[in-house]
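Listing of start.pdb; format and content: PDB, C-alpha atoms.
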```pdb
ATOM      1  CA  MET W   1      66.345 121.459  42.271
ATOM      2  CA  SER W   2      68.294 118.358  43.165
ATOM      3  CA  GLN W   3      71.440 117.417  41.396
ATOM      4  CA  GLN W   4      69.728 114.354  39.938
ATOM      5  CA  SER W   5      66.868 114.780  37.504
ATOM      6  CA  GLU W   6      65.101 112.728  34.893
ATOM      7  CA  ILE W   7      65.620 113.458  31.228
ATOM      8  CA  ALA W   8      62.866 111.024  30.297
ATOM      9  CA  ARG W   9      60.829 108.454  32.145
ATOM     10  CA  GLY W  10      63.281 105.983  33.748
ATOM     11  CA  ILE W  11      66.359 107.796  32.439
ATOM     12  CA  ASN W  12      68.396 109.884  34.912
ATOM     13  CA  ARG W  13      70.602 112.770  33.938
ATOM     14  CA  LEU W  14      73.537 111.560  36.077
ATOM     15  CA  SER W  15      74.790 107.996  36.219
ATOM     16  CA  ARG W  16      74.954 105.937  39.374
ATOM     17  CA  SER W  17      78.778 106.221  39.651
ATOM     18  CA  LYS W  18      78.551 109.989  39.189
ATOM     19  CA  MET W  19      76.087 110.315  42.031
ATOM     20  CA  ILE W  20      78.275 108.215  44.282
ATOM     21  CA  LYS W  21      81.195 110.597  43.683
ATOM     22  CA  LEU W  22      79.042 113.644  44.263
ATOM     23  CA  LYS W  23      77.560 112.411  47.556
ATOM     24  CA  GLY W  24      80.850 110.933  48.816
ATOM     25  CA  ARG W  25      79.415 107.472  49.368
ATOM     26  CA  PHE W  26      82.695 105.910  48.196
ATOM     27  CA  LYS W  27      84.182 106.846  51.565
ATOM     28  CA  HIS W  28      82.013 104.255  53.274
ATOM     29  CA  PHE W  29      82.751 101.371  50.908
ATOM     30  CA  GLY W  30      84.658  98.382  52.284
ATOM     31  CA  LYS W  31      83.844  99.142  55.903
ATOM     32  CA  GLY W  32      82.277  96.728  58.292
ATOM     33  CA  GLY W  33      83.117  93.133  59.188
ATOM     34  CA  GLN W  34      86.226  92.119  61.137
ATOM     35  CA  LYS W  35      88.691  94.946  61.429
ATOM     36  CA  LYS W  36      92.401  94.411  60.966
ATOM     37  CA  THR W  37      94.277  95.641  63.996
ATOM     38  CA  LYS W  38      97.980  95.710  64.724
ATOM     39  CA  ALA W  39      99.291  93.308  67.296
ATOM     40  CA  GLU W  40      99.717  95.102  70.567
ATOM     41  CA  GLU W  41     103.166  95.023  72.079
ATOM     42  CA  PRO W  42     103.300  93.181  75.421
ATOM     43  CA  LYS W  43     103.198  95.647  78.260
ATOM     44  CA  GLU W  44     105.653  95.335  81.097
ATOM     45  CA  GLN W  45     103.850  93.966  84.118
ATOM     46  CA  LEU W  46     104.725  96.052  87.132
ATOM     47  CA  SER W  47     105.036  94.580  90.566
ATOM     48  CA  ARG W  48     102.514  95.465  93.228
ATOM     49  CA  TRP W  49     105.324  96.356  95.631
ATOM     50  CA  TYR W  50     108.276  98.655  95.385
ATOM     51  CA  PRO W  51     111.657  96.838  95.271
ATOM     52  CA  ALA W  52     113.638  96.846  98.470
ATOM     53  CA  GLU W  53     116.721  99.018  98.649
ATOM     54  CA  ASP W  54     118.926  96.071  99.589
ATOM     55  CA  THR W  55     117.886  93.890  96.651
ATOM     56  CA  HIS W  56     120.936  92.008  95.375
ATOM     57  CA  LYS W  57     121.798  92.668  91.764
ATOM     58  CA  PRO W  58     124.174  90.211  90.094
ATOM     59  CA  TYR W  59     127.453  91.734  89.025
ATOM     60  CA  ASN W  60     128.943  91.117  85.626
ATOM     61  CA  ARG W  61     132.155  89.444  86.754
ATOM     62  CA  ASN W  62     134.510  87.712  84.386
ATOM     63  CA  PHE W  63     136.561  86.393  87.295
ATOM     64  CA  LYS W  64     137.656  82.768  87.026
ATOM     65  CA  PRO W  65     139.086  81.282  90.228
ATOM     66  CA  LYS W  66     142.568  79.835  89.935
ATOM     67  CA  PRO W  67     144.294  77.402  92.292
ATOM     68  CA  ALA W  68     146.280  79.042  95.056
ATOM     69  CA  LYS W  69     149.977  79.518  94.484
ATOM     70  CA  LEU W  70     152.035  77.139  96.577
ATOM     71  CA  ARG W  71     154.230  78.709  99.244
ATOM     72  CA  LYS W  72     157.960  78.503  98.662
ATOM     73  CA  SER W  73     158.485  76.776 101.998
ATOM     74  CA  ILE W  74     156.213  73.873 100.992
ATOM     75  CA  THR W  75     157.846  71.348  98.655
ATOM     76  CA  PRO W  76     157.160  67.615  98.137
ATOM     77  CA  GLY W  77     158.388  65.804 101.235
ATOM     78  CA  THR W  78     158.097  68.770 103.623
ATOM     79  CA  VAL W  79     156.804  67.904 107.095
ATOM     80  CA  LEU W  80     153.825  70.122 107.956
ATOM     81  CA  ILE W  81     152.107  70.870 111.257
ATOM     82  CA  VAL W  82     148.306  70.829 111.037
ATOM     83  CA  LEU W  83     146.687  73.794 112.792
ATOM     84  CA  SER W  84     142.964  73.052 112.478
ATOM     85  CA  GLY W  85     140.508  70.253 111.986
ATOM     86  CA  ARG W  86     140.339  66.769 113.376
ATOM     87  CA  PHE W  87     144.108  66.205 113.192
ATOM     88  CA  ARG W  88     145.272  69.570 114.563
ATOM     89  CA  GLY W  89     148.671  69.341 116.203
ATOM     90  CA  LYS W  90     149.695  66.337 114.065
ATOM     91  CA  ARG W  91     152.733  66.288 111.819
ATOM     92  CA  VAL W  92     152.149  65.121 108.260
ATOM     93  CA  VAL W  93     154.181  64.702 105.071
ATOM     94  CA  PHE W  94     153.293  66.831 102.049
ATOM     95  CA  LEU W  95     153.040  64.801  98.834
ATOM     96  CA  LYS W  96     151.730  67.149  96.097
ATOM     97  CA  GLN W  97     149.316  69.994  95.312
ATOM     98  CA  LEU W  98     145.996  69.001  93.747
ATOM     99  CA  ALA W  99     144.184  70.798  90.918
ATOM    100  CA  SER W 100     141.898  72.527  93.429
ATOM    101  CA  GLY W 101     144.914  74.105  95.148
ATOM    102  CA  LEU W 102     144.639  71.935  98.261
ATOM    103  CA  LEU W 103     147.588  69.995  99.658
ATOM    104  CA  LEU W 104     147.700  66.208  99.560
ATOM    105  CA  VAL W 105     149.259  64.934 102.799
ATOM    106  CA  SER W 106     149.657  61.697 104.700
ATOM    107  CA  GLY W 107     150.763  60.934 108.267
ATOM    108  CA  PRO W 108     151.516  58.190 107.354
ATOM    109  CA  TYR W 109     148.465  56.482 108.813
ATOM    110  CA  SER W 110     150.483  53.627 110.270
ATOM    111  CA  ILE W 111     152.604  56.062 112.337
ATOM    112  CA  ASN W 112     150.327  58.830 113.620
ATOM    113  CA  GLY W 113     146.874  57.884 112.339
ATOM    114  CA  VAL W 114     146.568  60.586 109.646
ATOM    115  CA  PRO W 115     145.341  59.058 106.354
ATOM    116  CA  LEU W 116     145.573  60.513 102.861
ATOM    117  CA  ARG W 117     143.933  63.874 103.285
ATOM    118  CA  ARG W 118     143.493  67.310 101.697
ATOM    119  CA  LEU W 119     144.522  70.421 103.603
ATOM    120  CA  ASN W 120     144.454  74.140 102.969
ATOM    121  CA  GLN W 121     147.929  75.644 103.086
ATOM    122  CA  SER W 122     146.584  78.504 105.221
ATOM    123  CA  PHE W 123     146.165  76.090 108.128
ATOM    124  CA  VAL W 124     149.578  74.428 108.183
ATOM    125  CA  ILE W 125     153.063  75.379 109.361
ATOM    126  CA  ALA W 126     155.924  74.304 107.123
ATOM    127  CA  THR W 127     158.973  72.927 108.937
ATOM    128  CA  SER W 128     162.547  72.507 107.781
ATOM    129  CA  THR W 129     162.299  68.699 108.057
ATOM    130  CA  LYS W 130     162.186  66.846 104.742
ATOM    131  CA  VAL W 131     161.290  63.303 103.740
ATOM    132  CA  ASN W 132     162.376  61.740 100.473
ATOM    133  CA  VAL W 133     159.143  61.011  98.576
ATOM    134  CA  ASP W 134     160.651  60.057  95.221
ATOM    135  CA  GLY W 135     159.443  56.487  95.657
ATOM    136  CA  VAL W 136     155.857  57.461  96.559
ATOM    137  CA  ASP W 137     153.450  57.200  93.619
ATOM    138  CA  VAL W 138     150.391  59.457  94.042
ATOM    139  CA  SER W 139     149.759  60.185  90.353
ATOM    140  CA  ALA W 140     146.352  58.457  90.468
ATOM    141  CA  ILE W 141     145.087  60.530  93.404
ATOM    142  CA  ASN W 142     143.095  63.662  92.564
ATOM    143  CA  ASP W 143     140.159  65.633  93.982
ATOM    144  CA  ASP W 144     137.633  63.035  92.792
ATOM    145  CA  PHE W 145     139.422  60.511  94.959
ATOM    146  CA  PHE W 146     137.983  62.284  98.031
ATOM    147  CA  ALA W 147     134.356  62.409  96.838
ATOM    148  CA  ARG W 148     131.824  61.896  99.629
ATOM    149  CA  GLN W 149     130.126  58.495  99.727
ATOM    150  CA  PRO W 150     126.343  58.183 100.293
ATOM    151  CA  ASP W 151     125.143  57.148 103.728
ATOM    152  CA  ALA W 152     124.409  53.410 103.951
ATOM    153  CA  ALA W 153     122.078  53.552 106.964
ATOM    154  CA  PRO W 154     119.284  50.991 106.304
ATOM    155  CA  SER W 155     116.525  52.945 108.055
ATOM    156  CA  ARG W 156     115.781  56.190 109.865
ATOM    157  CA  GLU W 157     115.719  54.477 113.254
ATOM    158  CA  GLU W 158     119.133  52.901 112.819
ATOM    159  CA  GLU W 159     120.709  56.029 111.325
ATOM    160  CA  PHE W 160     122.048  57.186 114.692
ATOM    161  CA  SER W 161     123.003  53.790 116.063
ATOM    162  CA  LYS W 162     126.646  52.970 116.741
ATOM    163  CA  ALA W 163     126.557  50.006 114.381
ATOM    164  CA  THR W 164     125.624  51.945 111.244
ATOM    165  CA  HIS W 165     126.513  55.611 111.859
ATOM    166  CA  LYS W 166     130.214  55.431 111.057
ATOM    167  CA  ALA W 167     132.500  57.291 108.693
ATOM    168  CA  ILE W 168     132.210  55.639 105.293
ATOM    169  CA  VAL W 169     135.596  55.109 103.666
ATOM    170  CA  SER W 170     135.627  53.770 100.123
ATOM    171  CA  ASP W 171     137.564  50.652  99.241
ATOM    172  CA  ALA W 172     139.635  52.657  96.764
ATOM    173  CA  ARG W 173     140.925  54.931  99.536
ATOM    174  CA  LYS W 174     141.759  51.954 101.733
ATOM    175  CA  ALA W 175     143.627  50.254  98.886
ATOM    176  CA  ALA W 176     145.587  53.409  98.025
ATOM    177  CA  GLN W 177     146.660  54.046 101.613
ATOM    178  CA  GLY W 178     148.766  50.871 101.887
ATOM    179  CA  PRO W 179     151.297  51.476  99.066
ATOM    180  CA  VAL W 180     151.711  55.150 100.042
ATOM    181  CA  ASP W 181     152.392  54.270 103.687
ATOM    182  CA  ALA W 182     154.827  51.509 102.732
ATOM    183  CA  ALA W 183     156.890  53.860 100.546
ATOM    184  CA  LEU W 184     156.845  56.612 103.177
ATOM    185  CA  GLU W 185     157.860  54.291 106.012
ATOM    186  CA  LYS W 186     160.808  53.047 103.971
ATOM    187  CA  ALA W 187     162.032  56.641 103.555
ATOM    188  CA  ILE W 188     161.278  57.566 107.189
ATOM    189  CA  ASP W 189     163.163  54.617 108.673
ATOM    190  CA  GLY W 190     166.307  55.808 106.918
ATOM    191  CA  THR W 191     166.490  58.893 109.174
ATOM    192  CA  PRO W 192     167.083  58.415 112.922
ATOM    193  CA  LEU W 193     164.297  59.616 115.255
ATOM    194  CA  LEU W 194     162.135  60.755 112.332
ATOM    195  CA  ARG W 195     159.454  58.193 113.154
ATOM    196  CA  GLU W 196     159.275  59.451 116.753
ATOM    197  CA  TYR W 197     159.195  63.064 115.485
ATOM    198  CA  LEU W 198     156.159  62.391 113.256
ATOM    199  CA  LYS W 199     154.424  60.440 115.999
ATOM    200  CA  ALA W 200     154.796  63.247 118.577
ATOM    201  CA  LYS W 201     152.055  65.866 118.738
ATOM    202  CA  PHE W 202     152.915  69.545 118.421
ATOM    203  CA  SER W 203     152.018  71.804 121.353
ATOM    204  CA  LEU W 204     153.110  75.066 122.941
ATOM    205  CA  ARG W 205     154.047  75.696 126.558
ATOM    206  CA  THR W 206     153.735  78.837 128.632
ATOM    207  CA  GLY W 207     155.969  81.567 127.255
ATOM    208  CA  GLN W 208     156.362  79.955 123.820
ATOM    209  CA  TYR W 209     155.132  81.983 120.840
ATOM    210  CA  PRO W 210     154.797  80.544 117.298
ATOM    211  CA  HIS W 211     156.192  83.677 115.622
ATOM    212  CA  ALA W 212     159.366  83.427 117.711
ATOM    213  CA  LEU W 213     159.996  79.742 116.974
ATOM    214  CA  ARG W 214     161.996  78.285 114.155
ATOM    215  CA  PHE W 215     160.467  75.164 112.701
TER     216      PHE W 215
END
```

Can you present the structure in this file as structure tokens?
Amino acid sequence: MSQQSEIARGINRLSRSKMIKLKGRFKHFGKGGQKKTKAEEPKEQLSRWYPAEDTHKPYNRNFKPKPAKLRKSITPGTVLIVLSGRFRGKRVVFLKQLASGLLLVSGPYSINGVPLRRLNQSFVIATSTKVNVDGVDVSAINDDFFARQPDAAPSREEEFSKATHKAIVSDARKAAQGPVDAALEKAIDGTPLLREYLKAKFSLRTGQYPHALRF
């Protein structure tokens, strides 16, 4: 005998809701249609190759570079000997230290051909000779003063010609060189033989050693 039976024609003993509970049909209600799924977390995409052993990994460095400390032997007006670069062997006058830590020097240009220039103190020898630079105004000269100018070659063919491939010197640097040289020459002429000393080029002879010399 089934659980459901008729009491009379068209009248069942158990109601529809009772039969649903008995047969467990309520478990299937609400199913079907578009299912709600949780958003999948993005998976880490692995490389096809193994990383090399010498792969550079950036270090967490809180180091901030500071300008180099000026040597005690280098003071404004000190005559320096250039040891490297285009003007190696020349004697120059130290004017001040720039924000980058480099030294601002000048020949002057009218005496030995060295213009206003930046030098690293590692490549100069400080001498005991001094020049009074109190009257030299270089307050307007900084690292931006030496910014590189773009090449003004009109075409690729003329880029290497003698007429166009020349060192480009800005008008500001040319204008600043004159007053600095004039003030330096006035101080240099007050000392006998100082002009000839700056004009002469430094060199060593056989048997002379820099560490044994006194500058």

Item checked: Residues matched by the PyMOL selection byres ((chain W and resi 142) around 10), written as a list in words -> Lys96, Gln97, Leu98, Ala99, Ser100, Leu104, Arg118, Val138, Ser139, Ala140, Ile141, Asp143, Asp144, Phe145, Phe146 and Ala147 of chain W

Next item on the list: Using only C-alpha atoms, determine which residues lie at most 9 Å from Ala176 (chain W), disregarding the query and same-chain residues fewer than 4 positions distant; provide the list as number ranges by chain.
Entry: W: 116, 138, 141, 171-172, 180-181

Export, as a PDB file, in the frame of the given file, the selected residues with C-alpha atoms.
```pdb
ATOM      1  CA  LEU W 116     145.573  60.513 102.861  1.00  0.00           C
ATOM      2  CA  VAL W 138     150.391  59.457  94.042  1.00  0.00           C
ATOM      3  CA  ILE W 141     145.087  60.530  93.404  1.00  0.00           C
ATOM      4  CA  ASP W 171     137.564  50.652  99.241  1.00  0.00           C
ATOM      5  CA  ALA W 172     139.635  52.657  96.764  1.00  0.00           C
ATOM      6  CA  VAL W 180     151.711  55.150 100.042  1.00  0.00           C
ATOM      7  CA  ASP W 181     152.392  54.270 103.687  1.00  0.00           C
TER       8      ASP W 181
END
```

Note to self: Please list as an NGL selection string every residue within 9 Å of Ala68 (chain W), counting all atoms listed in the file and excluding residues in the same chain fewer than 5 positions away.
What the structure shows: :W and (100-102 or 121)

Same residues, C-alpha atoms, saved as a CSV table (one decimal), in the frame of the given file:
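Here's the written file part-v4.csv:
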```
chain,number,residue,atom,x,y,z
W,100,SER,CA,141.9,72.5,93.4
W,101,GLY,CA,144.9,74.1,95.1
W,102,LEU,CA,144.6,71.9,98.3
W,121,GLN,CA,147.9,75.6,103.1
```

Check: At what distance in Å, to one decimal, does CA of Gly113 (chain W) lie from CA of Pro76 (chain W)?
Finding: 20.1 Å

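Taking all atoms listed in the file into account, Pro67 (chain W) lies nearest to W:Leu103 out of the set W:Leu46, W:Val92, W:Leu194, W:Leu103.
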
Check: Just how far from CA of Ile125 (chain W) is CA of Pro65 (chain W), in Å to one decimal?
Finding: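 Taking CA of Pro65 (chain W) and CA of Ile125 (chain W), their separation equals 24.4 Å.
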
Item checked: Separation of CA of Ser203 (chain W) from CA of Thr78 (chain W) in Å ->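 We find that CA of Thr78 (chain W) and CA of Ser203 (chain W) lie 19.0 Å from each other.
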
Write out as AutoDock Vina command-line options an axis-aligned box for region 50-58 of chain W: all of its atoms listed in the file, 3 Å added on each side, centre and edge lengths in Å with one decimal.
```
--center_x 116.2 --center_y 94.6 --center_z 94.8 --size_x 21.9 --size_y 14.8 --size_z 15.5
```

Checklist line | Residues near Leu83 (chain W), cut-off 12 Å, only C-alpha atoms, skip fewer than 4 positions along chain, as a PyMOL selection string | finding: chain W and resi 87-92+119-126+201-203+210

Item checked: Residues matched by the PyMOL selection byres ((chain W and resi 186) around 12) as a ChimeraX atom specification -> /W:108,131-136,179-185,187-191,194-195

Go ahead and write the residues just picked, C-alpha atoms, as an mmCIF file, in the frame of the given file.
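Saved as result31.cif:
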```cif
data_model
loop_
_atom_site.group_PDB
_atom_site.id
_atom_site.type_symbol
_atom_site.label_atom_id
_atom_site.label_comp_id
_atom_site.auth_asym_id
_atom_site.auth_seq_id
_atom_site.Cartn_x
_atom_site.Cartn_y
_atom_site.Cartn_z
ATOM 1 C CA PRO W 108 151.516 58.190 107.354
ATOM 2 C CA VAL W 131 161.290 63.303 103.740
ATOM 3 C CA ASN W 132 162.376 61.740 100.473
ATOM 4 C CA VAL W 133 159.143 61.011 98.576
ATOM 5 C CA ASP W 134 160.651 60.057 95.221
ATOM 6 C CA GLY W 135 159.443 56.487 95.657
ATOM 7 C CA VAL W 136 155.857 57.461 96.559
ATOM 8 C CA PRO W 179 151.297 51.476 99.066
ATOM 9 C CA VAL W 180 151.711 55.150 100.042
ATOM 10 C CA ASP W 181 152.392 54.270 103.687
ATOM 11 C CA ALA W 182 154.827 51.509 102.732
ATOM 12 C CA ALA W 183 156.890 53.860 100.546
ATOM 13 C CA LEU W 184 156.845 56.612 103.177
ATOM 14 C CA GLU W 185 157.860 54.291 106.012
ATOM 15 C CA ALA W 187 162.032 56.641 103.555
ATOM 16 C CA ILE W 188 161.278 57.566 107.189
ATOM 17 C CA ASP W 189 163.163 54.617 108.673
ATOM 18 C CA GLY W 190 166.307 55.808 106.918
ATOM 19 C CA THR W 191 166.490 58.893 109.174
ATOM 20 C CA LEU W 194 162.135 60.755 112.332
ATOM 21 C CA ARG W 195 159.454 58.193 113.154
#
```

Next item on the list: Find, counting only C-alpha atoms, the residue in W:Lys38, W:Lys27, W:Arg117, W:Arg71 that gets nearest to Val93 (chain W).
Entry: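 The answer is W:Arg117, which sits nearest to Val93 (chain W).
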